[in-house]
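Engineer: Got a file for you: upload30.json, JSON, C-alpha atoms.
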[["chain", "number", "residue", "atom", "x", "y", "z"],
["H", 987, "MET", "CA", 16.40, 30.54, 83.84],
["H", 988, "ASN", "CA", 20.06, 31.48, 83.62],
["H", 989, "LEU", "CA", 21.03, 27.82, 83.66],
["H", 990, "LEU", "CA", 24.42, 28.25, 82.00],
["H", 991, "ALA", "CA", 25.58, 30.62, 84.71],
["H", 992, "HIS", "CA", 24.25, 28.39, 87.47],
["H", 993, "ILE", "CA", 26.09, 25.36, 86.09],
["H", 994, "PHE", "CA", 29.30, 27.33, 85.48],
["H", 995, "LEU", "CA", 29.25, 28.73, 89.03],
["H", 996, "SER", "CA", 29.00, 25.25, 90.56],
["H", 997, "GLY", "CA", 32.71, 24.49, 90.26],
["H", 998, "THR", "CA", 33.86, 21.00, 89.34],
["H", 999, "ASP", "CA", 31.60, 18.79, 91.48],
["H", 1000, "ASP", "CA", 29.04, 17.03, 89.27],
["H", 1001, "LYS", "CA", 26.44, 16.66, 92.00],
["H", 1002, "ILE", "CA", 26.67, 20.34, 92.92],
["H", 1003, "LYS", "CA", 26.08, 21.12, 89.23],
["H", 1004, "ILE", "CA", 22.97, 18.96, 89.20],
["H", 1005, "GLY", "CA", 21.70, 20.53, 92.43],
["H", 1006, "ASN", "CA", 22.30, 24.03, 91.12],
["H", 1007, "ALA", "CA", 20.54, 23.20, 87.84],
["H", 1008, "ILE", "CA", 17.41, 21.89, 89.59],
["H", 1009, "GLY", "CA", 17.27, 24.66, 92.19],
["H", 1010, "ASP", "CA", 14.14, 26.29, 90.74],
["H", 1011, "PHE", "CA", 12.30, 22.97, 90.96],
["H", 1012, "VAL", "CA", 12.98, 22.27, 94.65],
["H", 1013, "LYS", "CA", 10.79, 24.20, 97.06],
["H", 1014, "GLY", "CA", 11.46, 25.10, 100.67],
["H", 1015, "LYS", "CA", 12.40, 22.26, 102.99],
["H", 1016, "ASP", "CA", 12.24, 19.71, 100.16],
["H", 1017, "VAL", "CA", 15.97, 20.39, 99.86],
["H", 1018, "GLN", "CA", 16.41, 18.01, 102.82],
["H", 1019, "ASN", "CA", 15.37, 15.09, 100.57],
["H", 1020, "PHE", "CA", 18.65, 15.23, 98.63],
["H", 1021, "GLU", "CA", 22.13, 13.96, 99.37],
["H", 1022, "SER", "CA", 24.74, 16.39, 100.65],
["H", 1023, "GLU", "CA", 26.38, 17.62, 97.42],
["H", 1024, "ILE", "CA", 23.12, 17.98, 95.52],
["H", 1025, "LYS", "CA", 21.69, 19.85, 98.52],
["H", 1026, "THR", "CA", 24.73, 22.16, 98.44],
["H", 1027, "GLY", "CA", 24.02, 22.82, 94.75],
["H", 1028, "ILE", "CA", 20.39, 23.69, 95.49],
["H", 1029, "LEU", "CA", 21.45, 26.02, 98.29],
["H", 1030, "LEU", "CA", 24.04, 27.58, 95.97],
["H", 1031, "HIS", "CA", 21.30, 28.17, 93.40],
["H", 1032, "ARG", "CA", 19.22, 29.99, 95.99],
["H", 1033, "GLU", "CA", 22.22, 32.05, 97.09],
["H", 1034, "ILE", "CA", 23.03, 33.04, 93.48],
["H", 1035, "ASP", "CA", 19.43, 34.18, 92.99],
["H", 1036, "ARG", "CA", 19.38, 36.09, 96.29],
["H", 1037, "PHE", "CA", 22.72, 37.81, 95.67],
["H", 1038, "THR", "CA", 21.90, 38.63, 92.04],
["H", 1039, "ASP", "CA", 18.40, 39.94, 92.73],
["H", 1040, "GLN", "CA", 19.69, 42.65, 95.05],
["H", 1041, "HIS", "CA", 22.99, 43.61, 93.40],
["H", 1042, "GLU", "CA", 23.15, 47.23, 92.25],
["H", 1043, "ILE", "CA", 24.70, 46.42, 88.85],
["H", 1044, "VAL", "CA", 21.99, 43.90, 88.02],
["H", 1045, "LEU", "CA", 19.33, 46.31, 89.28],
["H", 1046, "LYS", "CA", 20.47, 48.82, 86.63],
["H", 1047, "SER", "CA", 19.94, 46.22, 83.89],
["H", 1048, "LYS", "CA", 16.52, 45.29, 85.29],
["H", 1049, "GLU", "CA", 15.31, 48.87, 85.74],
["H", 1050, "ARG", "CA", 15.99, 49.61, 82.08],
["H", 1051, "LEU", "CA", 13.59, 46.79, 81.12],
["H", 1052, "ARG", "CA", 11.01, 47.18, 83.88],
["H", 1053, "PRO", "CA", 8.77, 49.85, 82.24],
["H", 1054, "LYS", "CA", 8.02, 47.51, 79.33],
["H", 1055, "TYR", "CA", 8.29, 44.06, 80.96],
["H", 1056, "ARG", "CA", 7.37, 44.79, 84.59],
["H", 1057, "HIS", "CA", 7.99, 41.77, 86.86],
["H", 1058, "TYR", "CA", 9.41, 39.75, 83.94],
["H", 1059, "ALA", "CA", 12.45, 42.08, 83.74],
["H", 1060, "PRO", "CA", 14.58, 39.93, 86.13],
["H", 1061, "VAL", "CA", 13.92, 36.80, 84.06],
["H", 1062, "ILE", "CA", 14.94, 38.62, 80.88],
["H", 1063, "VAL", "CA", 18.14, 39.96, 82.46],
["H", 1064, "ASP", "CA", 19.04, 36.41, 83.57],
["H", 1065, "ILE", "CA", 18.78, 35.24, 79.96],
["H", 1066, "PHE", "CA", 20.66, 38.28, 78.63],
["H", 1067, "TYR", "CA", 23.49, 37.55, 81.07],
["H", 1068, "ASP", "CA", 23.59, 33.90, 80.01],
["H", 1069, "HIS", "CA", 23.98, 35.15, 76.44],
["H", 1070, "TYR", "CA", 27.08, 37.13, 77.35],
["H", 1071, "LEU", "CA", 28.51, 34.23, 79.33],
["H", 1072, "ALA", "CA", 28.06, 31.95, 76.31],
["H", 1073, "LYS", "CA", 29.24, 34.58, 73.82],
["H", 1074, "ASP", "CA", 32.35, 35.47, 75.84],
["H", 1075, "TRP", "CA", 32.87, 31.98, 77.22],
["H", 1076, "SER", "CA", 36.64, 31.85, 76.62],
["H", 1077, "THR", "CA", 37.05, 34.84, 78.95],
["H", 1078, "PHE", "CA", 35.84, 32.71, 81.85],
["H", 1079, "HIS", "CA", 36.59, 29.07, 81.02],
["H", 1080, "ALA", "CA", 39.43, 27.20, 79.30],
["H", 1081, "GLU", "CA", 37.19, 24.39, 78.09],
["H", 1082, "LYS", "CA", 35.17, 24.90, 74.91],
["H", 1083, "LEU", "CA", 31.53, 25.79, 75.49],
["H", 1084, "LEU", "CA", 30.33, 22.89, 73.34],
["H", 1085, "ASP", "CA", 32.35, 20.40, 75.42],
["H", 1086, "PHE", "CA", 31.19, 21.94, 78.70],
["H", 1087, "THR", "CA", 27.52, 21.79, 77.76],
["H", 1088, "ALA", "CA", 27.81, 18.26, 76.33],
["H", 1089, "GLN", "CA", 29.28, 17.08, 79.64],
["H", 1090, "PHE", "CA", 26.41, 18.69, 81.53],
["H", 1091, "TYR", "CA", 23.82, 17.07, 79.27],
["H", 1092, "ASP", "CA", 25.49, 13.72, 80.02],
["H", 1093, "LEU", "CA", 25.17, 14.48, 83.75],
["H", 1094, "THR", "CA", 21.43, 15.03, 83.38],
["H", 1095, "ARG", "CA", 21.17, 11.49, 82.01],
["H", 1096, "GLN", "CA", 23.48, 10.03, 84.64],
["H", 1097, "TYR", "CA", 21.54, 11.63, 87.53],
["H", 1098, "HIS", "CA", 18.12, 11.25, 85.91],
["H", 1099, "ASP", "CA", 16.56, 9.55, 88.95],
["H", 1100, "GLN", "CA", 17.66, 12.34, 91.30],
["H", 1101, "ILE", "CA", 16.18, 15.11, 89.14],
["H", 1102, "PRO", "CA", 12.61, 16.12, 90.05],
["H", 1103, "VAL", "CA", 10.03, 14.96, 87.52],
["H", 1104, "ASN", "CA", 9.03, 18.50, 86.56],
["H", 1105, "ALA", "CA", 12.68, 19.33, 85.84],
["H", 1106, "ARG", "CA", 13.26, 16.20, 83.72],
["H", 1107, "HIS", "CA", 10.73, 17.38, 81.15],
["H", 1108, "MET", "CA", 12.48, 20.75, 80.79],
["H", 1109, "MET", "CA", 15.92, 19.14, 80.61],
["H", 1110, "GLN", "CA", 14.80, 16.80, 77.85],
["H", 1111, "TYR", "CA", 14.03, 19.84, 75.67],
["H", 1112, "MET", "CA", 17.18, 21.60, 76.82],
["H", 1113, "ARG", "CA", 19.31, 18.70, 75.59],
["H", 1114, "ARG", "CA", 17.35, 18.18, 72.39],
["H", 1115, "ASP", "CA", 17.56, 21.82, 71.32],
["H", 1116, "ASP", "CA", 20.95, 22.49, 72.96],
["H", 1117, "TRP", "CA", 19.74, 25.58, 74.77],
["H", 1118, "LEU", "CA", 22.99, 26.21, 76.61],
["H", 1119, "THR", "CA", 25.24, 26.36, 73.56],
["H", 1120, "ASN", "CA", 22.66, 28.28, 71.55],
["H", 1121, "TYR", "CA", 22.53, 31.03, 74.16],
["H", 1122, "GLN", "CA", 25.59, 32.50, 72.44],
["H", 1123, "HIS", "CA", 23.41, 33.49, 69.45],
["H", 1124, "ILE", "CA", 20.76, 36.21, 69.45],
["H", 1125, "GLU", "CA", 18.48, 33.70, 67.70],
["H", 1126, "GLY", "CA", 18.95, 31.27, 70.60],
["H", 1127, "ILE", "CA", 18.05, 33.96, 73.12],
["H", 1128, "ASP", "CA", 15.03, 34.94, 71.04],
["H", 1129, "ARG", "CA", 13.83, 31.31, 70.95],
["H", 1130, "ALA", "CA", 14.30, 30.92, 74.70],
["H", 1131, "LEU", "CA", 12.44, 34.12, 75.57],
["H", 1132, "THR", "CA", 9.67, 33.52, 73.04],
["H", 1133, "GLY", "CA", 9.18, 30.01, 74.45],
["H", 1134, "MET", "CA", 9.00, 31.41, 77.98],
["H", 1135, "SER", "CA", 6.52, 34.05, 76.82],
["H", 1136, "ARG", "CA", 4.21, 31.33, 75.49],
["H", 1137, "ARG", "CA", 4.25, 29.59, 78.87],
["H", 1138, "THR", "CA", 3.47, 32.65, 81.00],
["H", 1139, "ARG", "CA", -0.02, 32.99, 82.39],
["H", 1140, "PHE", "CA", -0.16, 36.74, 81.71],
["H", 1141, "GLU", "CA", 1.08, 38.87, 78.82],
["H", 1142, "SER", "CA", 4.83, 39.23, 79.26],
["H", 1143, "LYS", "CA", 6.04, 40.64, 75.92],
["H", 1144, "MET", "CA", 9.19, 38.56, 76.42],
["H", 1145, "GLU", "CA", 8.97, 37.57, 72.76],
["H", 1146, "GLN", "CA", 10.03, 41.17, 72.00],
["H", 1147, "SER", "CA", 12.95, 41.32, 74.40],
["H", 1148, "ALA", "CA", 15.67, 40.12, 72.01],
["H", 1149, "GLU", "CA", 15.13, 43.43, 70.23],
["H", 1150, "ASP", "CA", 15.98, 45.23, 73.48],
["H", 1151, "LEU", "CA", 19.10, 43.08, 73.83],
["H", 1152, "VAL", "CA", 20.26, 44.15, 70.38],
["H", 1153, "ALA", "CA", 19.39, 47.82, 70.99],
["H", 1154, "GLY", "CA", 21.30, 48.00, 74.28],
["H", 1155, "TYR", "CA", 23.86, 45.34, 73.48],
["H", 1156, "GLU", "CA", 27.09, 46.97, 74.70],
["H", 1157, "LEU", "CA", 25.48, 48.49, 77.78],
["H", 1158, "TYR", "CA", 24.10, 45.15, 78.98],
["H", 1159, "ARG", "CA", 27.39, 43.50, 78.09],
["H", 1160, "SER", "CA", 29.41, 45.96, 80.16],
["H", 1161, "GLU", "CA", 27.09, 45.45, 83.14],
["H", 1162, "PHE", "CA", 27.42, 41.68, 82.83],
["H", 1163, "HIS", "CA", 31.22, 41.88, 82.68],
["H", 1164, "GLU", "CA", 31.30, 44.21, 85.67],
["H", 1165, "TYR", "CA", 29.02, 41.96, 87.71],
["H", 1166, "PHE", "CA", 30.01, 38.41, 86.81],
["H", 1167, "PRO", "CA", 33.51, 38.37, 88.40],
["H", 1168, "ILE", "CA", 31.89, 39.60, 91.63],
["H", 1169, "LEU", "CA", 29.40, 36.74, 91.46],
["H", 1170, "ILE", "CA", 32.14, 34.20, 90.71],
["H", 1171, "GLN", "CA", 34.02, 35.25, 93.86],
["H", 1172, "HIS", "CA", 30.83, 35.17, 95.93],
["H", 1173, "CYS", "CA", 30.09, 31.61, 94.77],
["H", 1174, "GLU", "CA", 33.66, 30.47, 95.43],
["H", 1175, "ASP", "CA", 33.36, 31.84, 98.97],
["H", 1176, "PHE", "CA", 29.98, 30.12, 99.43],
["H", 1177, "LEU", "CA", 31.31, 26.77, 98.25],
["H", 1178, "SER", "CA", 34.39, 27.09, 100.48],
["H", 1179, "SER", "CA", 32.18, 27.67, 103.50],
["H", 1180, "HIS", "CA", 30.00, 24.64, 102.62],
["H", 1181, "SER", "CA", 32.76, 22.14, 101.86]]
Re-express the file's structure as structure tokens.
Structural biologist:
Amino acid sequence: MNLLAHIFLSGTDDKIKIGNAIGDFVKGKDVQNFESEIKTGILLHREIDRFTDQHEIVLKSKERLRPKYRHYAPVIVDIFYDHYLAKDWSTFHAEKLLDFTAQFYDLTRQYHDQIPVNARHMMQYMRRDDWLTNYQHIEGIDRALTGMSRRTRFESKMEQSAEDLVAGYELYRSEFHEYFPILIQHCEDFLSSHS
């Protein structure tokens, strides 16, 4: 659920941001039910996930966590990377993080009717607890991962993963900073080809 990165990577189009944010909640051919820009955002979300899942830099981060967290390692890395994006926000964006996230929360209200019902529930909590801004704090990451751990069907140990973030902090940070500019360029290319 690296929502901050997905929203950031959407560029300036509000509908693409909404589509990218709801990407996990739209399955298969259901993407055809949305208008063009939202559909582009959903497809961008899928492309970000595909590209990230197989990238060698991200694989290094995941493999470090896999012995303890098994198939939950990719989810944890997504959240770790959102932490570094929030923490080092001014490296990537001129606008203040608080302003950026507030504008996105406003978009979720504006496009409420176009957001799938199962995503609306999650976004209500996201706004209320300001997940996106709080990702910059270890405590915010701990809350997010502990909450996800409670919702998993099987034991995930994700509630322990903030400790691994602290223990390997600079290593994960360097991998994020090596990878994220590559992902930014990939998303810019994707959006150019879908405009």
Engineer: Excluding Glu1049 of chain H and any residue of its chain fewer than 5 positions from it, enumerate the residues within 12 Å of it, using only C-alpha atoms, and give them as a list in words.
Structural biologist: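 My reading of the contact set: Asp1039, Glu1042, Ile1043, Val1044, Lys1054, Tyr1055, Arg1056, His1057, Tyr1058, Ala1059, Pro1060, Ile1062, Val1063 and Tyr1158 of chain H.
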Engineer: Which residue gives the smallest distance to His1180 of chain H among H:Ala1007, H:Thr1138, H:Leu1030, H:Ala1080, with only C-alpha atoms counted?
Structural biologist: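 Of H:Ala1007, H:Thr1138, H:Leu1030, H:Ala1080, the one nearest His1180 of chain H is H:Leu1030, counting only C-alpha atoms.
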Engineer: Fewer than 4 positions away in the same chain doesn't count, so skip those; otherwise give me all residues within 9 Å of Lys1001 of chain H, counting all atoms listed in the file, as an mmCIF file with C-alpha atoms, in the frame of the given file.
Structural biologist:
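Once everything was written out, this is part-v8.cif:
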data_model
loop_
_atom_site.group_PDB
_atom_site.id
_atom_site.type_symbol
_atom_site.label_atom_id
_atom_site.label_comp_id
_atom_site.auth_asym_id
_atom_site.auth_seq_id
_atom_site.Cartn_x
_atom_site.Cartn_y
_atom_site.Cartn_z
ATOM 1 C CA GLY H 1005 21.700 20.530 92.430
ATOM 2 C CA ASN H 1006 22.300 24.030 91.120
ATOM 3 C CA GLU H 1021 22.130 13.960 99.370
ATOM 4 C CA SER H 1022 24.740 16.390 100.650
ATOM 5 C CA GLU H 1023 26.380 17.620 97.420
ATOM 6 C CA ILE H 1024 23.120 17.980 95.520
ATOM 7 C CA LYS H 1025 21.690 19.850 98.520
ATOM 8 C CA THR H 1026 24.730 22.160 98.440
ATOM 9 C CA GLY H 1027 24.020 22.820 94.750
ATOM 10 C CA LEU H 1093 25.170 14.480 83.750
ATOM 11 C CA TYR H 1097 21.540 11.630 87.530
#
Engineer: Leaving out Ile1034 of chain H and any residue of its chain fewer than 5 positions from it, which residues lie within 12 Å of it when counting only C-alpha atoms, given as a VMD selection string?
Structural biologist: chain H and resid 987 to 989 991 to 996 1006 to 1007 1009 to 1010 1027 to 1029 1039 to 1041 1064 1166 1168 to 1177
Engineer: Show me as number ranges by chain the residues that reach within 12 Å of (16.7, 31.7, 71.1), counting all atoms listed in the file and using the file's own coordinates.
Structural biologist: H: 1065-1066, 1068-1069, 1112, 1115-1135, 1144-1149, 1151
Engineer: I'd like to know which of H:His1098, H:Lys1048, H:Arg1036, H:Lys1082 is closest to Ile1008 of chain H, using all atoms listed in the file.
Structural biologist: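 Checking each of H:His1098, H:Lys1048, H:Arg1036, H:Lys1082 against Ile1008 of chain H, counting all atoms listed in the file, the winner is H:His1098.
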Engineer: Between atom CA of Phe1090 of chain H and atom CA of Lys1073 of chain H, what is the distance, to one decimal in Å?
Structural biologist: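 Taking atom CA of Phe1090 of chain H as the start and atom CA of Lys1073 of chain H as the end point, the length is 17.9 Å.
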Engineer: Fix up segment 1075-1089 of chain H with N, CA, C and O atoms, then write it as a JSON list (two decimals), keeping the file's coordinate frame.
Structural biologist:
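Just written: out05.json:
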[["chain", "number", "residue", "atom", "x", "y", "z"],
["H", 1075, "TRP", "N", 32.53, 33.15, 76.42],
["H", 1075, "TRP", "CA", 32.87, 31.98, 77.22],
["H", 1075, "TRP", "C", 34.37, 31.85, 77.49],
["H", 1075, "TRP", "O", 34.79, 31.57, 78.61],
["H", 1076, "SER", "N", 35.19, 32.06, 76.47],
["H", 1076, "SER", "CA", 36.64, 31.85, 76.62],
["H", 1076, "SER", "C", 37.27, 32.83, 77.60],
["H", 1076, "SER", "O", 38.37, 32.60, 78.09],
["H", 1077, "THR", "N", 36.58, 33.90, 77.93],
["H", 1077, "THR", "CA", 37.05, 34.84, 78.95],
["H", 1077, "THR", "C", 37.01, 34.21, 80.34],
["H", 1077, "THR", "O", 37.82, 34.55, 81.21],
["H", 1078, "PHE", "N", 36.09, 33.26, 80.52],
["H", 1078, "PHE", "CA", 35.84, 32.71, 81.85],
["H", 1078, "PHE", "C", 36.24, 31.25, 82.01],
["H", 1078, "PHE", "O", 36.40, 30.78, 83.13],
["H", 1079, "HIS", "N", 36.37, 30.51, 80.92],
["H", 1079, "HIS", "CA", 36.59, 29.07, 81.02],
["H", 1079, "HIS", "C", 37.53, 28.60, 79.92],
["H", 1079, "HIS", "O", 37.38, 29.00, 78.77],
["H", 1080, "ALA", "N", 38.47, 27.73, 80.28],
["H", 1080, "ALA", "CA", 39.43, 27.20, 79.30],
["H", 1080, "ALA", "C", 38.81, 26.16, 78.37],
["H", 1080, "ALA", "O", 39.22, 26.01, 77.22],
["H", 1081, "GLU", "N", 37.83, 25.43, 78.88],
["H", 1081, "GLU", "CA", 37.19, 24.39, 78.09],
["H", 1081, "GLU", "C", 36.23, 25.01, 77.07],
["H", 1081, "GLU", "O", 35.60, 26.04, 77.34],
["H", 1082, "LYS", "N", 36.10, 24.39, 75.91],
["H", 1082, "LYS", "CA", 35.17, 24.90, 74.91],
["H", 1082, "LYS", "C", 33.74, 24.79, 75.41],
["H", 1082, "LYS", "O", 33.38, 23.82, 76.09],
["H", 1083, "LEU", "N", 32.92, 25.77, 75.05],
["H", 1083, "LEU", "CA", 31.53, 25.79, 75.49],
["H", 1083, "LEU", "C", 30.80, 24.52, 75.07],
["H", 1083, "LEU", "O", 30.07, 23.93, 75.87],
["H", 1084, "LEU", "N", 31.02, 24.09, 73.84],
["H", 1084, "LEU", "CA", 30.33, 22.89, 73.34],
["H", 1084, "LEU", "C", 30.68, 21.66, 74.18],
["H", 1084, "LEU", "O", 29.81, 20.84, 74.48],
["H", 1085, "ASP", "N", 31.93, 21.53, 74.58],
["H", 1085, "ASP", "CA", 32.35, 20.40, 75.42],
["H", 1085, "ASP", "C", 31.74, 20.50, 76.82],
["H", 1085, "ASP", "O", 31.29, 19.50, 77.39],
["H", 1086, "PHE", "N", 31.74, 21.72, 77.37],
["H", 1086, "PHE", "CA", 31.19, 21.94, 78.70],
["H", 1086, "PHE", "C", 29.70, 21.59, 78.75],
["H", 1086, "PHE", "O", 29.25, 20.88, 79.65],
["H", 1087, "THR", "N", 28.96, 22.05, 77.76],
["H", 1087, "THR", "CA", 27.52, 21.79, 77.76],
["H", 1087, "THR", "C", 27.22, 20.32, 77.49],
["H", 1087, "THR", "O", 26.32, 19.75, 78.09],
["H", 1088, "ALA", "N", 28.01, 19.69, 76.61],
["H", 1088, "ALA", "CA", 27.81, 18.26, 76.33],
["H", 1088, "ALA", "C", 28.02, 17.44, 77.59],
["H", 1088, "ALA", "O", 27.26, 16.48, 77.87],
["H", 1089, "GLN", "N", 29.03, 17.78, 78.38],
["H", 1089, "GLN", "CA", 29.28, 17.08, 79.64],
["H", 1089, "GLN", "C", 28.11, 17.27, 80.61],
["H", 1089, "GLN", "O", 27.71, 16.32, 81.31]]
